[in-house]
>>> print(open('model28.cif').read())   # mmCIF, C-alpha atoms
data_work
#
loop_
_atom_site.label_atom_id
_atom_site.label_comp_id
_atom_site.auth_asym_id
_atom_site.auth_seq_id
_atom_site.Cartn_x
_atom_site.Cartn_y
_atom_site.Cartn_z
CA MET C 492 31.41 4.03 2.99
CA ASN C 493 28.51 3.93 5.44
CA MET C 494 28.90 6.84 7.94
CA SER C 495 25.98 5.91 10.19
CA ARG C 496 26.58 4.47 13.63
CA PHE C 497 23.84 1.88 13.06
CA VAL C 498 23.26 -0.80 10.46
CA ASN C 499 20.55 -0.26 7.88
CA PRO C 500 17.68 -2.63 8.77
CA PHE C 501 16.58 -2.70 5.12
CA THR C 502 19.75 -4.48 4.03
CA ASP C 503 19.89 -8.25 4.24
CA LEU C 504 22.68 -8.37 6.80
CA GLY C 505 21.37 -5.39 8.77
CA PHE C 506 18.01 -7.11 9.16
CA LYS C 507 19.70 -10.34 10.22
CA VAL C 508 21.88 -8.55 12.80
CA ILE C 509 18.89 -6.80 14.38
CA PHE C 510 16.35 -9.62 14.33
CA GLY C 511 17.77 -12.86 12.96
CA GLN C 512 20.46 -14.06 15.37
CA PRO C 513 20.10 -15.77 18.76
CA ALA C 514 21.17 -12.59 20.54
CA SER C 515 18.31 -10.75 18.77
CA LYS C 516 15.54 -12.94 20.14
CA GLY C 517 14.48 -10.52 22.89
CA LEU C 518 14.26 -7.63 20.44
CA LEU C 519 12.29 -9.73 17.95
CA ILE C 520 9.84 -10.81 20.67
CA THR C 521 9.31 -7.17 21.63
CA LEU C 522 8.67 -6.18 18.01
CA LEU C 523 6.22 -9.04 17.45
CA ASN C 524 4.33 -8.37 20.68
CA GLU C 525 3.93 -4.71 19.71
CA LEU C 526 2.66 -5.72 16.27
CA LEU C 527 0.24 -8.27 17.75
CA ALA C 528 -0.84 -6.24 20.78
CA GLY C 529 -4.38 -7.14 21.80
CA GLU C 530 -4.31 -10.24 19.63
CA HIS C 531 -1.51 -12.43 20.96
CA HIS C 532 1.37 -12.24 23.44
CA ILE C 533 4.61 -14.18 22.96
CA GLU C 534 6.64 -15.27 25.96
CA ASP C 535 9.34 -17.12 24.04
CA LEU C 536 10.15 -18.35 20.54
CA CYS C 537 12.68 -20.47 18.69
CA PHE C 538 14.21 -19.96 15.26
CA LEU C 539 13.38 -22.65 12.69
CA ASP C 540 15.08 -23.72 9.48
CA LYS C 541 14.40 -20.87 7.06
CA GLU C 542 14.67 -23.03 3.95
CA ASP C 543 11.71 -24.93 2.55
CA HIS C 544 12.82 -28.54 1.99
CA ALA C 545 9.83 -29.42 -0.17
CA ASP C 546 9.83 -32.36 -2.57
CA ASN C 547 8.75 -29.98 -5.34
CA VAL C 548 11.89 -28.61 -6.95
CA HIS C 549 10.22 -25.23 -7.48
CA ASP C 550 9.59 -24.87 -3.74
CA LYS C 551 13.12 -25.74 -2.70
CA GLY C 552 14.26 -22.22 -3.51
CA ILE C 553 12.04 -20.65 -0.84
CA ILE C 554 14.16 -19.23 1.95
CA TYR C 555 12.35 -17.06 4.47
CA ASP C 556 14.20 -14.13 6.06
CA LEU C 557 12.99 -15.33 9.47
CA TYR C 558 10.91 -18.36 10.38
CA CYS C 559 10.13 -19.07 14.00
CA ARG C 560 7.70 -20.80 16.35
CA THR C 561 6.33 -19.31 19.53
CA ASP C 562 6.13 -21.07 22.86
CA SER C 563 2.37 -21.50 22.37
CA GLY C 564 2.67 -23.08 18.91
CA GLU C 565 2.18 -20.23 16.42
CA TYR C 566 4.44 -19.98 13.39
CA ILE C 567 5.73 -16.60 12.22
CA ILE C 568 7.40 -15.57 8.96
CA VAL C 569 9.12 -12.18 9.01
CA GLU C 570 10.24 -10.80 5.64
CA MET C 571 12.05 -7.59 4.82
CA GLN C 572 11.67 -6.32 1.25
CA ASN C 573 13.80 -3.36 0.26
CA ARG C 574 12.40 -2.61 -3.19
CA TRP C 575 9.31 -3.21 -5.27
CA HIS C 576 8.97 -6.19 -7.55
CA SER C 577 6.04 -7.51 -9.55
CA HIS C 578 3.52 -9.86 -7.91
CA PHE C 579 4.85 -9.11 -4.43
CA LEU C 580 1.47 -9.72 -2.80
CA ASP C 581 1.13 -13.04 -4.60
CA ARG C 582 4.58 -14.12 -3.42
CA THR C 583 3.88 -13.24 0.20
CA LEU C 584 0.57 -15.09 0.10
CA TYR C 585 2.35 -18.10 -1.38
CA TYR C 586 4.96 -17.99 1.37
CA VAL C 587 2.30 -18.03 4.07
CA CYS C 588 0.39 -20.81 2.34
CA ARG C 589 3.59 -22.85 2.02
CA ALA C 590 4.16 -22.39 5.75
CA VAL C 591 0.61 -23.60 6.39
CA GLY C 592 1.31 -26.62 4.20
CA ARG C 593 4.46 -27.37 6.17
CA LEU C 594 2.42 -27.77 9.35
CA THR C 595 1.58 -31.30 8.27
CA GLU C 596 5.31 -32.06 8.18
CA LEU C 597 5.92 -30.80 11.72
CA PRO C 598 4.71 -32.49 14.91
CA PRO C 599 2.08 -30.30 16.58
CA PRO C 600 2.74 -29.13 20.14
CA ASP C 601 0.01 -31.41 21.47
CA THR C 602 0.09 -34.46 19.21
CA ILE C 603 -3.18 -36.39 19.31
CA LYS C 604 -2.77 -39.83 20.84
CA ILE C 605 -5.05 -42.47 19.38
CA PRO C 606 -6.18 -45.02 21.98
CA VAL C 607 -5.77 -48.72 21.15
CA GLU C 608 -8.48 -51.33 21.71
CA LYS C 609 -9.21 -54.92 20.66
CA ASP C 610 -11.97 -56.08 18.36
CA THR C 611 -14.20 -59.12 18.93
CA ASP C 612 -11.56 -61.45 17.46
CA GLY C 613 -8.91 -60.17 19.82
CA MET C 614 -7.09 -58.26 17.07
CA VAL C 615 -5.55 -54.93 18.06
CA CYS C 616 -7.05 -51.96 16.20
CA GLU C 617 -7.04 -48.19 16.49
CA SER C 618 -10.19 -46.60 17.77
CA SER C 619 -11.84 -44.14 15.46
CA VAL C 620 -11.09 -40.44 15.76
CA PRO C 621 -12.84 -37.57 13.99
CA TYR C 622 -11.67 -37.36 10.38
CA GLY C 623 -11.04 -33.61 10.56
CA SER C 624 -8.67 -33.78 13.53
CA ARG C 625 -5.64 -34.22 11.31
CA TYR C 626 -6.36 -30.83 9.74
CA ARG C 627 -6.29 -28.87 12.96
CA LEU C 628 -3.89 -25.98 12.31
CA SER C 629 -1.71 -23.66 14.29
CA THR C 630 -1.83 -19.98 13.38
CA VAL C 631 0.66 -18.78 10.79
CA TYR C 632 1.58 -15.10 10.75
CA GLY C 633 3.24 -13.44 7.79
CA ILE C 634 4.80 -10.07 8.69
CA PHE C 635 6.26 -8.06 5.82
CA LEU C 636 8.40 -4.95 6.29
CA MET C 637 8.41 -2.98 3.03
CA ASN C 638 10.69 -0.11 2.09
CA PHE C 639 8.44 0.79 -0.85
CA LYS C 640 4.83 1.52 -1.75
CA GLU C 641 2.71 -1.32 -3.09
CA ASP C 642 -0.08 -0.34 -5.50
CA GLY C 643 -2.12 -3.37 -4.44
CA LEU C 644 -2.46 -2.04 -0.89
CA ASP C 645 -4.18 1.06 0.45
CA LYS C 646 -2.02 4.16 0.81
CA LYS C 647 -1.31 3.72 4.51
CA PHE C 648 1.43 2.36 6.73
CA ARG C 649 -0.16 -0.81 8.09
CA THR C 650 -2.52 -3.26 6.41
CA ASP C 651 -3.88 -6.30 8.30
CA ILE C 652 -5.22 -9.23 6.28
CA VAL C 653 -7.58 -11.82 7.80
CA LEU C 654 -9.88 -14.52 6.43
CA ALA C 655 -13.23 -12.89 7.05
CA ASP C 656 -16.82 -12.88 5.85
CA ARG C 657 -17.13 -10.31 3.10
CA ASP C 658 -20.48 -8.96 4.28
CA THR C 659 -20.12 -8.91 8.07
CA GLY C 660 -16.34 -8.65 8.47
CA ARG C 661 -16.41 -11.50 11.02
CA VAL C 662 -13.15 -13.49 11.06
CA VAL C 663 -14.00 -17.00 9.83
CA ASN C 664 -10.60 -18.64 10.24
CA PRO C 665 -7.96 -17.01 12.49
CA HIS C 666 -5.10 -19.30 11.47
CA LEU C 667 -3.81 -17.29 8.49
CA ARG C 668 -2.75 -13.70 9.17
CA GLN C 669 -0.75 -11.20 7.16
CA ILE C 670 0.57 -7.82 8.26
CA TYR C 671 2.06 -5.43 5.70
CA LEU C 672 4.09 -2.41 6.85
CA GLN C 673 4.77 0.19 4.11
CA PHE C 674 7.46 2.34 5.70
CA PRO C 675 7.28 5.19 3.14
CA TYR C 676 3.84 5.94 4.61
CA PHE C 677 5.12 6.15 8.20
CA ASN C 678 5.51 9.93 8.50
CA LYS C 679 5.36 10.56 12.25
CA GLU C 680 8.08 12.57 13.93
CA LEU C 681 9.59 11.23 17.14
CA ALA C 682 7.70 13.76 19.28
CA GLU C 683 4.44 12.42 17.81
CA CYS C 684 5.22 8.78 18.68
CA GLU C 685 3.31 7.94 21.85
CA THR C 686 3.48 4.13 22.06
CA LEU C 687 6.43 1.75 22.05
CA TYR C 688 5.08 0.35 18.78
CA GLU C 689 5.28 3.75 17.09
CA LYS C 690 8.75 4.40 18.50
CA LEU C 691 10.00 1.06 17.17
CA MET C 692 8.63 1.83 13.72
CA TYR C 693 10.21 5.28 13.83
CA ALA C 694 13.58 3.80 14.84
CA LEU C 695 13.55 1.18 12.08
CA LYS C 696 12.78 3.80 9.44
CA ASN C 697 15.31 6.41 10.59
CA MET C 698 18.13 4.70 12.51
CA ASN C 699 20.42 4.46 9.50
CA ASP C 700 20.67 8.28 9.55
CA TRP C 701 21.62 8.52 13.24
CA ASN C 702 25.01 8.96 14.83
CA ARG C 703 23.51 8.31 18.27
CA MET C 704 20.30 7.01 19.77
CA PRO C 705 17.85 9.90 20.43
CA ASP C 706 17.43 10.81 24.12
CA ALA C 707 13.65 10.47 23.78
CA LEU C 708 14.03 6.71 23.22
CA LYS C 709 14.58 5.84 26.87
CA GLU C 710 13.02 2.36 26.95
CA GLN C 711 15.35 -0.55 27.65
CA VAL C 712 14.69 -2.05 24.24
CA PHE C 713 16.42 0.90 22.56
CA LYS C 714 19.49 0.56 24.77
CA TYR C 715 19.66 -3.02 23.58
CA LEU C 716 19.12 -1.92 19.96
CA ASP C 717 21.92 0.62 20.40
CA GLN C 718 24.37 -2.15 21.23
CA LEU C 719 23.02 -4.77 18.83
CA ALA C 720 22.80 -2.58 15.73
CA ALA C 721 26.04 -0.63 16.14
CA VAL C 722 28.24 -1.04 13.08
CA ALA C 723 31.30 -0.92 15.32
CA ASN C 724 30.15 -4.09 17.08
CA LEU C 725 30.05 -6.18 13.91
CA SER C 726 32.57 -8.94 13.50
CA GLU C 727 35.15 -8.45 10.77
CA GLU C 728 33.36 -11.00 8.61
CA ASN C 729 29.99 -9.35 9.11
CA ARG C 730 31.46 -5.88 8.55
CA ILE C 731 32.79 -6.91 5.13
CA ALA C 732 29.48 -8.52 4.24
CA TYR C 733 27.57 -5.49 5.53
CA ASP C 734 29.61 -3.03 3.46
CA LYS C 735 28.81 -5.09 0.37
CA ALA C 736 25.15 -5.18 1.35
CA VAL C 737 25.11 -1.39 1.73
CA ASP C 738 26.68 -1.00 -1.72
CA ARG C 739 23.97 -3.23 -3.21
CA TYR C 740 21.33 -1.27 -1.33
CA ARG C 741 22.60 2.08 -2.65
CA VAL C 742 22.84 0.80 -6.21
CA SER C 743 19.30 -0.57 -6.02
CA ARG C 744 18.02 2.78 -4.75
CA ILE C 745 19.80 4.65 -7.54
CA VAL C 746 18.37 2.30 -10.15
CA GLU C 747 14.93 2.64 -8.59
CA GLU C 748 15.20 6.45 -8.61
CA ASP C 749 16.26 6.38 -12.28
CA ILE C 750 13.30 4.17 -13.16
CA ARG C 751 10.94 6.39 -11.17
CA ARG C 752 12.34 9.56 -12.80
CA GLU C 753 12.03 8.07 -16.28
CA ALA C 754 8.50 6.96 -15.52
CA THR C 755 7.66 10.44 -14.19
CA GLU C 756 9.10 12.16 -17.27
CA GLU C 757 7.24 9.78 -19.56
CA GLY C 758 4.07 10.36 -17.57
CA LEU C 759 4.48 14.14 -17.81
CA LYS C 760 5.05 13.87 -21.56
CA GLU C 761 1.95 11.75 -22.00
CA GLY C 762 0.06 14.11 -19.72
CA ARG C 763 1.05 17.16 -21.78
CA GLU C 764 0.08 15.43 -25.03
CA LYS C 765 -3.19 14.29 -23.54
CA GLY C 766 -3.75 17.78 -22.16
CA ARG C 767 -3.23 19.35 -25.58
CA GLU C 768 -5.58 16.82 -27.15
CA GLU C 769 -8.15 17.37 -24.45
CA GLY C 770 -7.63 21.10 -24.81
CA ARG C 771 -8.37 20.94 -28.52
CA GLU C 772 -11.41 18.78 -27.89
CA GLU C 773 -12.55 21.05 -25.09
CA GLY C 774 -12.04 24.10 -27.30
CA MET C 775 -14.06 22.57 -30.12
CA LYS C 776 -16.78 21.56 -27.68
CA LYS C 777 -16.85 25.04 -26.16
CA GLY C 778 -16.90 26.60 -29.63
CA ARG C 779 -19.84 24.46 -30.67
CA GLU C 780 -21.72 25.36 -27.49
CA GLU C 781 -20.98 29.06 -27.89
CA GLY C 782 -21.99 28.86 -31.55
CA ARG C 783 -25.30 27.26 -30.70
CA GLU C 784 -25.91 29.83 -27.98
CA GLU C 785 -25.02 32.70 -30.28
CA GLY C 786 -27.24 31.30 -33.05
CA MET C 787 -30.17 30.90 -30.69
CA LYS C 788 -29.64 34.41 -29.35
CA LYS C 789 -29.52 35.84 -32.86
CA GLY C 790 -32.61 33.88 -33.83
CA ARG C 791 -34.55 35.23 -30.85
CA GLU C 792 -33.49 38.80 -31.69
CA GLU C 793 -34.59 38.46 -35.31
CA GLU C 794 -37.90 37.00 -34.16
CA ARG C 795 -38.50 39.99 -31.86
CA LEU C 796 -37.75 42.45 -34.67
CA SER C 797 -40.00 40.58 -37.09
CA ASN C 798 -42.88 40.51 -34.61
CA ALA C 799 -42.42 44.20 -33.79
CA LEU C 800 -42.42 45.03 -37.48
CA LYS C 801 -45.68 43.15 -38.02
CA MET C 802 -47.32 44.82 -35.00
CA LYS C 803 -46.21 48.23 -36.20
CA ALA C 804 -47.65 47.51 -39.64
CA LYS C 805 -50.99 46.74 -37.99
CA GLY C 806 -50.95 50.15 -36.32
CA LEU C 807 -50.21 49.19 -32.69
CA ASP C 808 -48.81 52.02 -30.61
CA TYR C 809 -45.11 51.96 -29.71
CA GLU C 810 -45.60 51.43 -25.97
CA THR C 811 -47.67 48.29 -26.54
CA ILE C 812 -45.10 46.94 -29.00
CA SER C 813 -42.35 47.70 -26.48
CA ASP C 814 -44.21 45.88 -23.68
CA ILE C 815 -44.70 42.78 -25.84
CA THR C 816 -41.31 42.55 -27.58
CA GLY C 817 -39.03 44.18 -24.99
CA LEU C 818 -37.65 46.59 -27.60
CA SER C 819 -37.12 50.21 -26.67
CA ILE C 820 -39.15 53.04 -28.24
CA GLN C 821 -36.01 54.20 -30.04
CA GLU C 822 -35.49 50.72 -31.51
CA ILE C 823 -39.09 50.61 -32.65
CA GLU C 824 -38.83 54.10 -34.23
CA LYS C 825 -35.63 53.03 -36.03
CA LEU C 826 -37.41 49.90 -37.12
CA GLY C 827 -40.01 52.11 -38.72
CA ILE C 828 -37.32 53.89 -40.77
CA ASP C 829 -35.91 50.57 -41.89
CA ASP C 830 -39.47 49.46 -42.59
CA ARG C 831 -40.08 52.33 -44.97
CA ARG C 832 -36.68 51.84 -46.57
CA ASP C 833 -37.34 48.12 -47.05
CA GLU C 834 -41.03 48.52 -47.72
CA GLY C 835 -40.84 46.65 -50.98
CA LYS C 836 -39.62 43.58 -49.13
CA LEU C 837 -42.65 43.31 -46.80
#
>>> encode(input="model28.cif", output="structure tokens")
Amino acid sequence: MNMSRFVNPFTDLGFKVIFGQPASKGLLITLLNELLAGEHHIEDLCFLDKEDHADNVHDKGIIYDLYCRTDSGEYIIVEMQNRWHSHFLDRTLYYVCRAVGRLTELPPPDTIKIPVEKDTDGMVCESSVPYGSRYRLSTVYGIFLMNFKEDGLDKKFRTDIVLADRDTGRVVNPHLRQIYLQFPYFNKELAECETLYEKLMYALKNMNDWNRMPDALKEQVFKYLDQLAAVANLSEENRIAYDKAVDRYRVSRIVEEDIRREATEEGLKEGREKGREEGREEGMKKGREEGREEGMKKGREEERLSNALKMKAKGLDYETISDITGLSIQEIEKLGIDDRRDEGKL
């Protein structure tokens, strides 16, 4: 049984309670304005049909978590994804592109009126308009809240995607935008959160562990969140559905942890085997290098002794031989004894 005072925003019903019902509109507008600060400001929005009613049977299964239109004509998809799945980035791109495609099915806020005129024969005809006008688009935002790390993104909390020139970074078309929020990378403590945006992100990540709203969250939006997200305020129907959603969430996390643990153990096993193999290879490499070095050193020593022996045979004094070969007087004297002993070999 869930012991937290607040719903878990990373469950389907928890997300819907916080952001996806008419009573949540003010909170959703606040969240979106914080995410789009400096880029766009929303005064009002309306919720749209979340299901894609495309003619293509494969597209009929697309149901967005949230799909809405702002008062100034932008379209926004908000998706919550609790766990990793393959091709996540491809799916989110497809969702945004489908939303762009749907713009042709929806009347634009300022529909172009084509003036009517008569030709020379008195027949009514439409005056010409620029061919490209029909392709004028509203901006579509895709905002994706992720309770997992995606390998295809940089290891950071927020990633903003725009259509930009590769060399200059200049935005070429502003009408397709994606924002990815990887909550496992949001590691700030509440005392470190300075802006409302940071406080909202902190609350979404941690609220399921709270029994009360922290005193530091004094803004009005958190008082509203306190009431909206309280488990005790759920209807009986929603409470039953939420408990089931929490069970699914916990099971999915357990399965994910098992998969991660198995992957880690397998990785460690492979790492140890690779380490042993690399260790053997490194040992052989080091042995070969040391062998070469030792051989070269021995060769140089034998060459010095041979040269000293030849110089001594020619009658050079010991000090001169020592200066040239680096051998000590004692070594040269001993070499003389060996020389006489091995005289037959010279």
>>> closest_residue(input="model28.cif", among="C:Leu536, C:Ile670, C:Leu584, C:Leu526", to="Gly564 of chain C", atoms="all atoms listed in the file")
C:Leu536
>>> closest_residue(input="model28.cif", among="C:Asp540, C:Glu525, C:Glu565, C:Glu822", to="Pro665 of chain C", atoms="all atoms listed in the file")
C:Glu565
>>> closest_residue(input="model28.cif", among="C:Asn524, C:Asn697, C:Gln673, C:Ser819", to="Asn499 of chain C", atoms="only C-alpha atoms")
C:Asn697
>>> resolve_selection(input="model28.cif", expression="the PyMOL selection byres ((chain C and resi 799-807) around 9)", output="PDB file with C-alpha atoms, in the frame of the given file")
ATOM      1  CA  GLU C 794     -37.900  37.000 -34.160  1.00  0.00           C
ATOM      2  CA  ARG C 795     -38.500  39.990 -31.860  1.00  0.00           C
ATOM      3  CA  LEU C 796     -37.750  42.450 -34.670  1.00  0.00           C
ATOM      4  CA  SER C 797     -40.000  40.580 -37.090  1.00  0.00           C
ATOM      5  CA  ASN C 798     -42.880  40.510 -34.610  1.00  0.00           C
ATOM      6  CA  ASP C 808     -48.810  52.020 -30.610  1.00  0.00           C
ATOM      7  CA  TYR C 809     -45.110  51.960 -29.710  1.00  0.00           C
ATOM      8  CA  GLU C 810     -45.600  51.430 -25.970  1.00  0.00           C
ATOM      9  CA  THR C 811     -47.670  48.290 -26.540  1.00  0.00           C
ATOM     10  CA  ILE C 812     -45.100  46.940 -29.000  1.00  0.00           C
ATOM     11  CA  SER C 813     -42.350  47.700 -26.480  1.00  0.00           C
ATOM     12  CA  ILE C 815     -44.700  42.780 -25.840  1.00  0.00           C
ATOM     13  CA  THR C 816     -41.310  42.550 -27.580  1.00  0.00           C
ATOM     14  CA  LEU C 818     -37.650  46.590 -27.600  1.00  0.00           C
ATOM     15  CA  ILE C 823     -39.090  50.610 -32.650  1.00  0.00           C
ATOM     16  CA  LEU C 826     -37.410  49.900 -37.120  1.00  0.00           C
ATOM     17  CA  GLY C 827     -40.010  52.110 -38.720  1.00  0.00           C
ATOM     18  CA  ASP C 830     -39.470  49.460 -42.590  1.00  0.00           C
TER      19      ASP C 830
END
>>> residues_around(input="model28.cif", residues="Ala590 of chain C", least_positions_apart="5", cutoff="9 Å", atoms="all atoms listed in the file", output="MDAnalysis selection string")
chainID C and resid 543 566:568 585 631
